[in-house]
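A.B. asks: Got a structure for you, written out below as structure tokens; questions coming shortly.
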Amino acid sequence: MRLLVVHAHPVAESYNRALFELTLATLAARGHEVEGLDLYAEGFEPALDADGRRHYEAHGANARPVAAQLRRLARCQGLIFVYPTWWYAQPAILKGWLDRVLLPHVCFRMPEPGRPIGPRLTHVQVLGGISTYGAPWWFTRWVGDPGRRILMRGIKPLMHPRCRTFWCALHRMDSVSAAGREAFKARVRRRLERLPVDVAELPVAMGDQALWSEG
Amino acid sequence: MRVLHLYAHPLDDASFHGALRRRAGDALAAAGHEVDLLDLYAEGFDPVLSPDERRRYHDEARNTAGVAPYVERLGRAEALVVQFPTWSFGPPAILKGFFDRVFVPGVAFDLSDPARVRPLLGHLRRLVGIVTYGRPRLHARWVGDPPRKIVTRYLRWFVAADAPVHYEALYHLNVATAARRARFLDRVERRLGAL
């Protein structure tokens, strides 16, 4: 399967970066075709600006500023996020990737009276998240784990209706032992090894692709 | 009271949020409050926690370098009004980045005993959220309504234990009529006028 792995941690020697690299290596060893997207390394600009907001619903004008990101999304059959949960959700740089790239007409069909929002990322058949949490579990539960919900309930309906999902979480990151960290890595590796290598080659339905296939 | 009005929308006067911001600001001023408008877009706030900031995150002597003016404004406030649209089911990235970079140990919470983390924003005696959603309320609830929980549970934890918390939400803005928008503007004005 072709997989896009999106990562957001600023520090190269971090545990989270090690999880990202482990993910890429594990998947490649299994025979997947893997592309890493390291938002910090690429200097992704997360704030949807005034022009972006004005053209948000304009098919074409909305897609051009993030055309390169959309092409990567169009190529993949599975999407995996590897990031630390800061406070309650994704680091701003990743939240901004969701804000700016998951656009109407391209990634979803705008709702109309009597017709709810519809998926356009129907070629994406796997959605996964691997996240470390600094907050204690009770805080995360109390706040409702917004980061996980945003991906697994908010974003998932944009994908194929039978899209498979998985979620791997390590809580209390700051006080977990070295053995606990290694055990989590092993868990992540086992989960990734269970992903199917062969999946259907489905057509890409992301609106008028001529609008973002270049530039 | 000194009110910090945290505002996260890129469009100015022409937008519905611009109108909300003005009505909110006028109502607060008319009630005799001193308003500090922190317009994250207009001030060019950078939401990205940098590698250096992450490395010194736990060092309370150095972790506010780069955001000191924001820390000071937060420290001066007696009430917090936070206003934003819901994008991709949560607050805009620029506001998420404000929490990432400004709510650091020693400013927003005390991490000296990791087993007993304590909030440090007890000087905030009122908390108000003004939030719009494109989607209907039922859909927001299915996702767990992150914006509501971020105000009424996440931010709630930091402020004074007895601080009243108000959450003013307009759902399904995509199809809101002019009358519904006008009613929401009135509601926000009343709420802030009575703060």
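Labeling convention for the structure tokens: chains A, B, ... as they appear, residues from 1 per chain, ligands from 1 in order of appearance.
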Using only C-alpha atoms, select each residue of chain B with any atom at most 7 Å away from an atom of chain A, and give the selection as an mmCIF file with N, CA and C atoms, in the first residue's frame.
C.D. replies:
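The resulting selection_13.cif:
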data_model
loop_
_atom_site.group_PDB
_atom_site.id
_atom_site.type_symbol
_atom_site.label_atom_id
_atom_site.label_comp_id
_atom_site.auth_asym_id
_atom_site.auth_seq_id
_atom_site.Cartn_x
_atom_site.Cartn_y
_atom_site.Cartn_z
ATOM 1 N N PRO B 10 -9.072 35.515 10.703
ATOM 2 C CA PRO B 10 -8.205 36.304 9.816
ATOM 3 C C PRO B 10 -8.902 37.470 9.128
ATOM 4 N N LEU B 11 -10.231 37.434 9.035
ATOM 5 C CA LEU B 11 -10.895 38.511 8.298
ATOM 6 C C LEU B 11 -11.284 39.629 9.254
ATOM 7 N N PRO B 47 2.243 30.641 15.524
ATOM 8 C CA PRO B 47 1.712 29.555 16.361
ATOM 9 C C PRO B 47 2.643 28.364 16.542
ATOM 10 N N VAL B 48 3.784 28.386 15.869
ATOM 11 C CA VAL B 48 4.612 27.182 15.863
ATOM 12 C C VAL B 48 5.629 27.186 17.009
ATOM 13 N N SER B 50 8.842 26.348 18.514
ATOM 14 C CA SER B 50 10.084 26.065 17.783
ATOM 15 C C SER B 50 10.898 24.991 18.501
ATOM 16 N N PRO B 51 11.903 24.427 17.793
ATOM 17 C CA PRO B 51 12.767 23.437 18.452
ATOM 18 C C PRO B 51 13.395 23.982 19.735
ATOM 19 N N TRP B 87 -12.753 25.272 12.948
ATOM 20 C CA TRP B 87 -12.201 24.801 11.676
ATOM 21 C C TRP B 87 -11.708 23.381 11.885
ATOM 22 N N SER B 88 -12.028 22.506 10.946
ATOM 23 C CA SER B 88 -11.608 21.108 11.092
ATOM 24 C C SER B 88 -11.894 20.612 12.515
ATOM 25 N N PHE B 89 -13.084 20.942 12.995
ATOM 26 C CA PHE B 89 -13.614 20.405 14.266
ATOM 27 C C PHE B 89 -12.972 20.979 15.525
ATOM 28 N N ALA B 93 -5.567 26.823 13.932
ATOM 29 C CA ALA B 93 -4.193 26.523 14.328
ATOM 30 C C ALA B 93 -3.552 27.671 15.109
ATOM 31 N N ILE B 94 -3.852 28.913 14.714
ATOM 32 C CA ILE B 94 -3.183 30.052 15.357
ATOM 33 C C ILE B 94 -3.549 30.120 16.844
ATOM 34 N N LYS B 96 -4.567 27.338 18.638
ATOM 35 C CA LYS B 96 -3.933 26.154 19.238
ATOM 36 C C LYS B 96 -2.481 26.483 19.582
ATOM 37 N N GLY B 97 -1.823 27.220 18.693
ATOM 38 C CA GLY B 97 -0.431 27.582 18.918
ATOM 39 C C GLY B 97 -0.256 28.531 20.101
ATOM 40 N N ASP B 100 -0.119 26.239 22.948
ATOM 41 C CA ASP B 100 1.141 25.490 22.889
ATOM 42 C C ASP B 100 2.309 26.324 23.421
ATOM 43 N N VAL B 143 -18.594 14.358 17.203
ATOM 44 C CA VAL B 143 -17.129 14.464 17.250
ATOM 45 C C VAL B 143 -16.663 14.756 18.688
ATOM 46 N N GLY B 144 -17.593 14.969 19.605
ATOM 47 C CA GLY B 144 -17.218 15.242 20.993
ATOM 48 C C GLY B 144 -17.182 16.727 21.304
ATOM 49 N N PRO B 146 -15.176 19.331 20.460
ATOM 50 C CA PRO B 146 -13.915 19.827 21.035
ATOM 51 C C PRO B 146 -13.927 21.304 21.424
ATOM 52 N N LYS B 149 -15.561 21.713 24.824
ATOM 53 C CA LYS B 149 -14.789 21.118 25.918
ATOM 54 C C LYS B 149 -13.505 21.896 26.175
ATOM 55 N N ILE B 150 -12.954 22.486 25.116
ATOM 56 C CA ILE B 150 -11.720 23.245 25.300
ATOM 57 C C ILE B 150 -11.974 24.471 26.178
ATOM 58 N N ARG B 153 -13.911 22.853 29.860
ATOM 59 C CA ARG B 153 -13.169 21.890 30.676
ATOM 60 C C ARG B 153 -11.670 22.185 30.693
ATOM 61 N N TYR B 154 -11.079 22.353 29.496
ATOM 62 C CA TYR B 154 -9.636 22.616 29.449
ATOM 63 C C TYR B 154 -9.317 23.979 30.076
#
A.B. asks: For the strand (DSSP E or B) assignment from backbone DSSP, which residues of chain B qualify? Please present them as a PyMOL selection string.
C.D. replies: chain B and resi 2-7+34-39+79-85+87+90+105+109-110+118-119+121+126-132+159+165-170
A.B. asks: Selected residues, C-alpha atoms, written as a CSV table (one decimal), in the first residue's frame, please.
C.D. replies:
chain,number,residue,atom,x,y,z
B,2,ARG,CA,-9.4,44.0,33.0
B,3,VAL,CA,-10.5,41.7,30.2
B,4,LEU,CA,-8.2,39.9,27.8
B,5,HIS,CA,-10.2,39.3,24.5
B,6,LEU,CA,-8.4,36.6,22.6
B,7,TYR,CA,-9.5,36.7,19.0
B,34,GLU,CA,-10.9,47.7,30.4
B,35,VAL,CA,-10.5,45.6,27.3
B,36,ASP,CA,-7.2,44.3,25.9
B,37,LEU,CA,-7.9,42.9,22.4
B,38,LEU,CA,-5.4,40.3,21.4
B,39,ASP,CA,-6.1,39.8,17.7
B,79,ALA,CA,-11.2,37.9,32.9
B,80,LEU,CA,-10.7,35.9,29.6
B,81,VAL,CA,-12.9,36.1,26.6
B,82,VAL,CA,-11.9,33.7,23.8
B,83,GLN,CA,-13.5,34.0,20.4
B,84,PHE,CA,-12.9,31.7,17.4
B,85,PRO,CA,-14.5,29.9,14.5
B,87,TRP,CA,-12.2,24.8,11.7
B,90,GLY,CA,-11.4,22.5,16.6
B,105,PRO,CA,5.1,25.5,33.0
B,109,PHE,CA,0.5,25.6,35.6
B,110,ASP,CA,2.9,24.4,38.2
B,118,ARG,CA,-1.6,22.8,39.8
B,119,PRO,CA,-3.3,25.6,37.7
B,121,LEU,CA,-4.3,31.3,36.3
B,126,ARG,CA,-14.5,35.1,34.5
B,127,LEU,CA,-14.2,32.9,31.4
B,128,VAL,CA,-16.3,33.4,28.3
B,129,GLY,CA,-16.2,31.4,25.0
B,130,ILE,CA,-17.7,32.9,21.8
B,131,VAL,CA,-17.6,30.2,19.2
B,132,THR,CA,-19.2,29.5,15.8
B,159,VAL,CA,-9.0,29.8,36.0
B,165,VAL,CA,-17.9,30.0,32.8
B,166,HIS,CA,-20.1,31.1,29.9
B,167,TYR,CA,-20.1,29.4,26.5
B,168,GLU,CA,-21.9,31.2,23.7
B,169,ALA,CA,-22.1,29.0,20.6
B,170,LEU,CA,-23.7,29.5,17.2
A.B. asks: What's the separation between CA of Asp186 in chain B and CA of Val151 in chain B, in Å to one decimal place?
C.D. replies: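 We find that CA of Asp186 in chain B and CA of Val151 in chain B lie 20.9 Å from each other.
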A.B. asks: Show me, as a list in words, the residues that have an atom within 10 Å of Asp12 in chain B when counting only C-alpha atoms, minus same-chain residues fewer than 2 positions from it.
C.D. replies: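 The residues satisfying every condition are Ala50 of chain A; His9, Pro10, Ala14, Ser15, Phe16, His17, Gly18, Ala19, Arg21, Tyr41 and Ala42 of chain B.
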A.B. asks: Any chance you could export the current selection's C-alpha atoms as a JSON list (two decimals), in the first residue's frame?
C.D. replies:
[["chain", "number", "residue", "atom", "x", "y", "z"],
["A", 50, "ALA", "CA", -7.25, 36.18, 5.18],
["B", 9, "HIS", "CA", -10.12, 35.08, 12.89],
["B", 10, "PRO", "CA", -8.21, 36.30, 9.82],
["B", 14, "ALA", "CA", -16.39, 42.38, 6.73],
["B", 15, "SER", "CA", -16.79, 39.06, 8.53],
["B", 16, "PHE", "CA", -19.38, 37.89, 11.03],
["B", 17, "HIS", "CA", -16.61, 37.38, 13.56],
["B", 18, "GLY", "CA", -15.53, 40.99, 13.03],
["B", 19, "ALA", "CA", -19.07, 42.08, 13.90],
["B", 21, "ARG", "CA", -15.76, 41.22, 18.09],
["B", 41, "TYR", "CA", -3.83, 37.37, 13.15],
["B", 42, "ALA", "CA", -3.45, 41.16, 13.26]]
A.B. asks: Under the rule that only C-alpha atoms are counted, which of A:Gly180, A:Pro196, A:Pro119, A:Pro104 is the nearest residue to His160 in chain A?
C.D. replies: A:Pro119
A.B. asks: Might you pull out every residue within 8 Å of Leu95 in chain B, with only C-alpha atoms counted and same-chain residues fewer than 3 positions away left off, and present them as a list in words?
C.D. replies: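 Near Leu95 in chain B, the qualifying residues are Ala92 of chain A; Ala8, Leu40, Pro47, Pro91, Pro92, Phe98 and Phe99 of chain B.
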A.B. asks: Take the selection from the previous step and output its residues with N, CA and C atoms, as an mmCIF file, in the first residue's frame.
C.D. replies:
data_model
loop_
_atom_site.group_PDB
_atom_site.id
_atom_site.type_symbol
_atom_site.label_atom_id
_atom_site.label_comp_id
_atom_site.auth_asym_id
_atom_site.auth_seq_id
_atom_site.Cartn_x
_atom_site.Cartn_y
_atom_site.Cartn_z
ATOM 1 N N ALA A 92 0.067 22.978 16.814
ATOM 2 C CA ALA A 92 -0.539 23.937 15.887
ATOM 3 C C ALA A 92 -0.141 23.665 14.438
ATOM 4 N N ALA B 8 -9.327 35.031 17.269
ATOM 5 C CA ALA B 8 -8.598 34.242 16.261
ATOM 6 C C ALA B 8 -9.408 34.096 14.988
ATOM 7 N N LEU B 40 -4.928 37.702 17.244
ATOM 8 C CA LEU B 40 -3.748 36.886 16.928
ATOM 9 C C LEU B 40 -3.279 37.086 15.486
ATOM 10 N N PRO B 47 2.243 30.641 15.524
ATOM 11 C CA PRO B 47 1.712 29.555 16.361
ATOM 12 C C PRO B 47 2.643 28.364 16.542
ATOM 13 N N PRO B 91 -10.339 24.553 17.304
ATOM 14 C CA PRO B 91 -9.950 25.944 17.135
ATOM 15 C C PRO B 91 -8.932 26.076 16.004
ATOM 16 N N PRO B 92 -8.878 27.231 15.346
ATOM 17 C CA PRO B 92 -7.874 27.451 14.299
ATOM 18 C C PRO B 92 -6.458 27.217 14.837
ATOM 19 N N PHE B 98 -1.264 29.364 20.359
ATOM 20 C CA PHE B 98 -1.201 30.244 21.532
ATOM 21 C C PHE B 98 -1.128 29.406 22.806
ATOM 22 N N PHE B 99 -1.947 28.377 22.887
ATOM 23 C CA PHE B 99 -1.892 27.503 24.066
ATOM 24 C C PHE B 99 -0.566 26.736 24.108
#
A.B. asks: Quick one: pull the distance between CA of Asp162 in chain B and CA of Thr64 in chain B, Å, one decimal.
C.D. replies: 27.7 Å
A.B. asks: Can you tell me, as a ChimeraX atom specification, what residues are no more than 12 Å from range 20-25 of chain A when counting only C-alpha atoms, ignoring any on the same chain fewer than 2 positions away?
C.D. replies: /A:2-9,11-18,27-39,79-84,128-132,168,182,184-193,195
A.B. asks: Please dump the current selection as a PDB file, in the first residue's frame; keep C-alpha atoms.
C.D. replies:
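Result written to part05.pdb:
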ATOM      1  CA  ARG A   2       1.111   3.564  -0.591  1.00  0.00           C
ATOM      2  CA  LEU A   3       1.196   5.325   2.775  1.00  0.00           C
ATOM      3  CA  LEU A   4       1.630   8.964   3.698  1.00  0.00           C
ATOM      4  CA  VAL A   5       3.012   9.406   7.221  1.00  0.00           C
ATOM      5  CA  VAL A   6       2.512  12.938   8.569  1.00  0.00           C
ATOM      6  CA  HIS A   7       4.751  13.962  11.456  1.00  0.00           C
ATOM      7  CA  ALA A   8       4.926  17.067  13.666  1.00  0.00           C
ATOM      8  CA  HIS A   9       7.628  17.335  16.322  1.00  0.00           C
ATOM      9  CA  VAL A  11      13.069  18.260  18.071  1.00  0.00           C
ATOM     10  CA  ALA A  12      15.209  15.831  16.060  1.00  0.00           C
ATOM     11  CA  GLU A  13      16.377  13.784  19.065  1.00  0.00           C
ATOM     12  CA  SER A  14      12.874  13.384  20.497  1.00  0.00           C
ATOM     13  CA  TYR A  15      11.118  10.132  21.265  1.00  0.00           C
ATOM     14  CA  ASN A  16       8.311  11.173  18.946  1.00  0.00           C
ATOM     15  CA  ARG A  17      10.750  11.560  16.055  1.00  0.00           C
ATOM     16  CA  ALA A  18      12.030   8.079  16.844  1.00  0.00           C
ATOM     17  CA  LEU A  27       6.326  -0.088   6.841  1.00  0.00           C
ATOM     18  CA  ALA A  28       9.095  -0.063   4.239  1.00  0.00           C
ATOM     19  CA  ALA A  29      10.410  -3.390   5.526  1.00  0.00           C
ATOM     20  CA  ARG A  30       6.951  -4.884   5.098  1.00  0.00           C
ATOM     21  CA  GLY A  31       6.941  -3.868   1.436  1.00  0.00           C
ATOM     22  CA  HIS A  32       4.761  -0.749   1.606  1.00  0.00           C
ATOM     23  CA  GLU A  33       5.576   2.294  -0.454  1.00  0.00           C
ATOM     24  CA  VAL A  34       6.030   4.975   2.212  1.00  0.00           C
ATOM     25  CA  GLU A  35       6.285   8.738   2.023  1.00  0.00           C
ATOM     26  CA  GLY A  36       7.164  10.778   5.100  1.00  0.00           C
ATOM     27  CA  LEU A  37       5.832  14.304   5.555  1.00  0.00           C
ATOM     28  CA  ASP A  38       7.732  16.073   8.339  1.00  0.00           C
ATOM     29  CA  LEU A  39       5.881  19.373   8.806  1.00  0.00           C
ATOM     30  CA  LEU A  79      -2.765   8.088   5.989  1.00  0.00           C
ATOM     31  CA  ILE A  80      -0.938   7.855   9.307  1.00  0.00           C
ATOM     32  CA  PHE A  81      -0.274  10.674  11.793  1.00  0.00           C
ATOM     33  CA  VAL A  82       2.647  10.529  14.241  1.00  0.00           C
ATOM     34  CA  TYR A  83       2.687  13.466  16.667  1.00  0.00           C
ATOM     35  CA  PRO A  84       2.723  14.481  20.328  1.00  0.00           C
ATOM     36  CA  GLY A 128      -4.091   5.720  11.789  1.00  0.00           C
ATOM     37  CA  GLY A 129      -2.700   7.761  14.641  1.00  0.00           C
ATOM     38  CA  ILE A 130       0.320   7.271  16.888  1.00  0.00           C
ATOM     39  CA  SER A 131       0.515   9.834  19.679  1.00  0.00           C
ATOM     40  CA  THR A 132       2.299  10.531  22.934  1.00  0.00           C
ATOM     41  CA  CYS A 168      -1.791   3.904  19.478  1.00  0.00           C
ATOM     42  CA  GLU A 182      10.478   0.444  24.417  1.00  0.00           C
ATOM     43  CA  PHE A 184       5.278   1.142  23.300  1.00  0.00           C
ATOM     44  CA  LYS A 185       7.618   1.038  20.312  1.00  0.00           C
ATOM     45  CA  ALA A 186       7.116  -2.725  20.112  1.00  0.00           C
ATOM     46  CA  ARG A 187       3.366  -2.231  20.262  1.00  0.00           C
ATOM     47  CA  VAL A 188       3.484   0.324  17.446  1.00  0.00           C
ATOM     48  CA  ARG A 189       5.650  -2.008  15.343  1.00  0.00           C
ATOM     49  CA  ARG A 190       3.260  -4.920  15.828  1.00  0.00           C
ATOM     50  CA  ARG A 191       0.274  -2.766  14.911  1.00  0.00           C
ATOM     51  CA  LEU A 192       1.948  -1.485  11.749  1.00  0.00           C
ATOM     52  CA  GLU A 193       2.959  -4.983  10.706  1.00  0.00           C
ATOM     53  CA  LEU A 195      -1.591  -3.429   7.946  1.00  0.00           C
TER      54      LEU A 195
END
A.B. asks: Can you pull out the residues contacting Trp212 in chain A? Cut-off 9 Å, using only C-alpha atoms, and skip same-chain residues under 4 positions away; I want them as a count of residues only.
C.D. replies: 10
A.B. asks: Taking the chain letters and numbering used in this document, name the residues of range 105-169 of chain A that DSSP puts in helix (DSSP H, G or I), as a VMD selection string.
C.D. replies: chain A and resid 137 to 143 146 to 158
A.B. asks: Just to be explicit: take each residue in the selection above, keep N, CA and C atoms, and write the result as an mmCIF file, in the first residue's frame.
C.D. replies:
data_model
loop_
_atom_site.group_PDB
_atom_site.id
_atom_site.type_symbol
_atom_site.label_atom_id
_atom_site.label_comp_id
_atom_site.auth_asym_id
_atom_site.auth_seq_id
_atom_site.Cartn_x
_atom_site.Cartn_y
_atom_site.Cartn_z
ATOM 1 N N TRP A 137 -3.850 10.657 32.099
ATOM 2 C CA TRP A 137 -5.000 10.121 31.357
ATOM 3 C C TRP A 137 -6.312 10.771 31.782
ATOM 4 N N TRP A 138 -6.422 11.126 33.112
ATOM 5 C CA TRP A 138 -7.711 11.677 33.557
ATOM 6 C C TRP A 138 -7.986 13.020 32.907
ATOM 7 N N PHE A 139 -6.924 13.815 32.686
ATOM 8 C CA PHE A 139 -7.119 15.122 32.048
ATOM 9 C C PHE A 139 -7.573 14.921 30.600
ATOM 10 N N THR A 140 -6.877 14.011 29.919
ATOM 11 C CA THR A 140 -7.221 13.728 28.524
ATOM 12 C C THR A 140 -8.664 13.245 28.421
ATOM 13 N N ARG A 141 -9.059 12.356 29.336
ATOM 14 C CA ARG A 141 -10.422 11.829 29.284
ATOM 15 C C ARG A 141 -11.439 12.918 29.602
ATOM 16 N N TRP A 142 -11.142 13.734 30.598
ATOM 17 C CA TRP A 142 -12.041 14.807 31.009
ATOM 18 C C TRP A 142 -12.295 15.791 29.862
ATOM 19 N N VAL A 143 -11.231 16.119 29.138
ATOM 20 C CA VAL A 143 -11.365 17.072 28.034
ATOM 21 C C VAL A 143 -11.941 16.382 26.789
ATOM 22 N N PRO A 146 -9.764 15.568 22.417
ATOM 23 C CA PRO A 146 -10.160 16.199 21.155
ATOM 24 C C PRO A 146 -9.267 15.829 19.965
ATOM 25 N N GLY A 147 -7.962 15.705 20.190
ATOM 26 C CA GLY A 147 -7.073 15.389 19.073
ATOM 27 C C GLY A 147 -7.469 14.088 18.395
ATOM 28 N N ARG A 148 -7.688 13.062 19.187
ATOM 29 C CA ARG A 148 -8.081 11.769 18.634
ATOM 30 C C ARG A 148 -9.454 11.842 17.957
ATOM 31 N N ARG A 149 -10.388 12.540 18.612
ATOM 32 C CA ARG A 149 -11.730 12.648 18.044
ATOM 33 C C ARG A 149 -11.729 13.418 16.721
ATOM 34 N N ILE A 150 -10.916 14.466 16.660
ATOM 35 C CA ILE A 150 -10.865 15.263 15.429
ATOM 36 C C ILE A 150 -10.476 14.363 14.252
ATOM 37 N N LEU A 151 -9.510 13.473 14.467
ATOM 38 C CA LEU A 151 -9.076 12.598 13.377
ATOM 39 C C LEU A 151 -10.033 11.433 13.169
ATOM 40 N N MET A 152 -10.374 10.756 14.250
ATOM 41 C CA MET A 152 -11.061 9.475 14.110
ATOM 42 C C MET A 152 -12.566 9.622 13.909
ATOM 43 N N ARG A 153 -13.125 10.755 14.300
ATOM 44 C CA ARG A 153 -14.550 10.978 14.048
ATOM 45 C C ARG A 153 -14.785 12.127 13.071
ATOM 46 N N GLY A 154 -13.991 13.182 13.204
ATOM 47 C CA GLY A 154 -14.189 14.341 12.335
ATOM 48 C C GLY A 154 -13.713 14.083 10.918
ATOM 49 N N ILE A 155 -12.453 13.636 10.775
ATOM 50 C CA ILE A 155 -11.816 13.510 9.466
ATOM 51 C C ILE A 155 -12.157 12.183 8.781
ATOM 52 N N LYS A 156 -12.361 11.164 9.551
ATOM 53 C CA LYS A 156 -12.560 9.822 8.969
ATOM 54 C C LYS A 156 -13.689 9.758 7.934
ATOM 55 N N PRO A 157 -14.822 10.437 8.158
ATOM 56 C CA PRO A 157 -15.877 10.354 7.145
ATOM 57 C C PRO A 157 -15.502 10.937 5.785
ATOM 58 N N LEU A 158 -14.348 11.582 5.664
ATOM 59 C CA LEU A 158 -13.907 12.064 4.343
ATOM 60 C C LEU A 158 -13.285 10.935 3.526
#
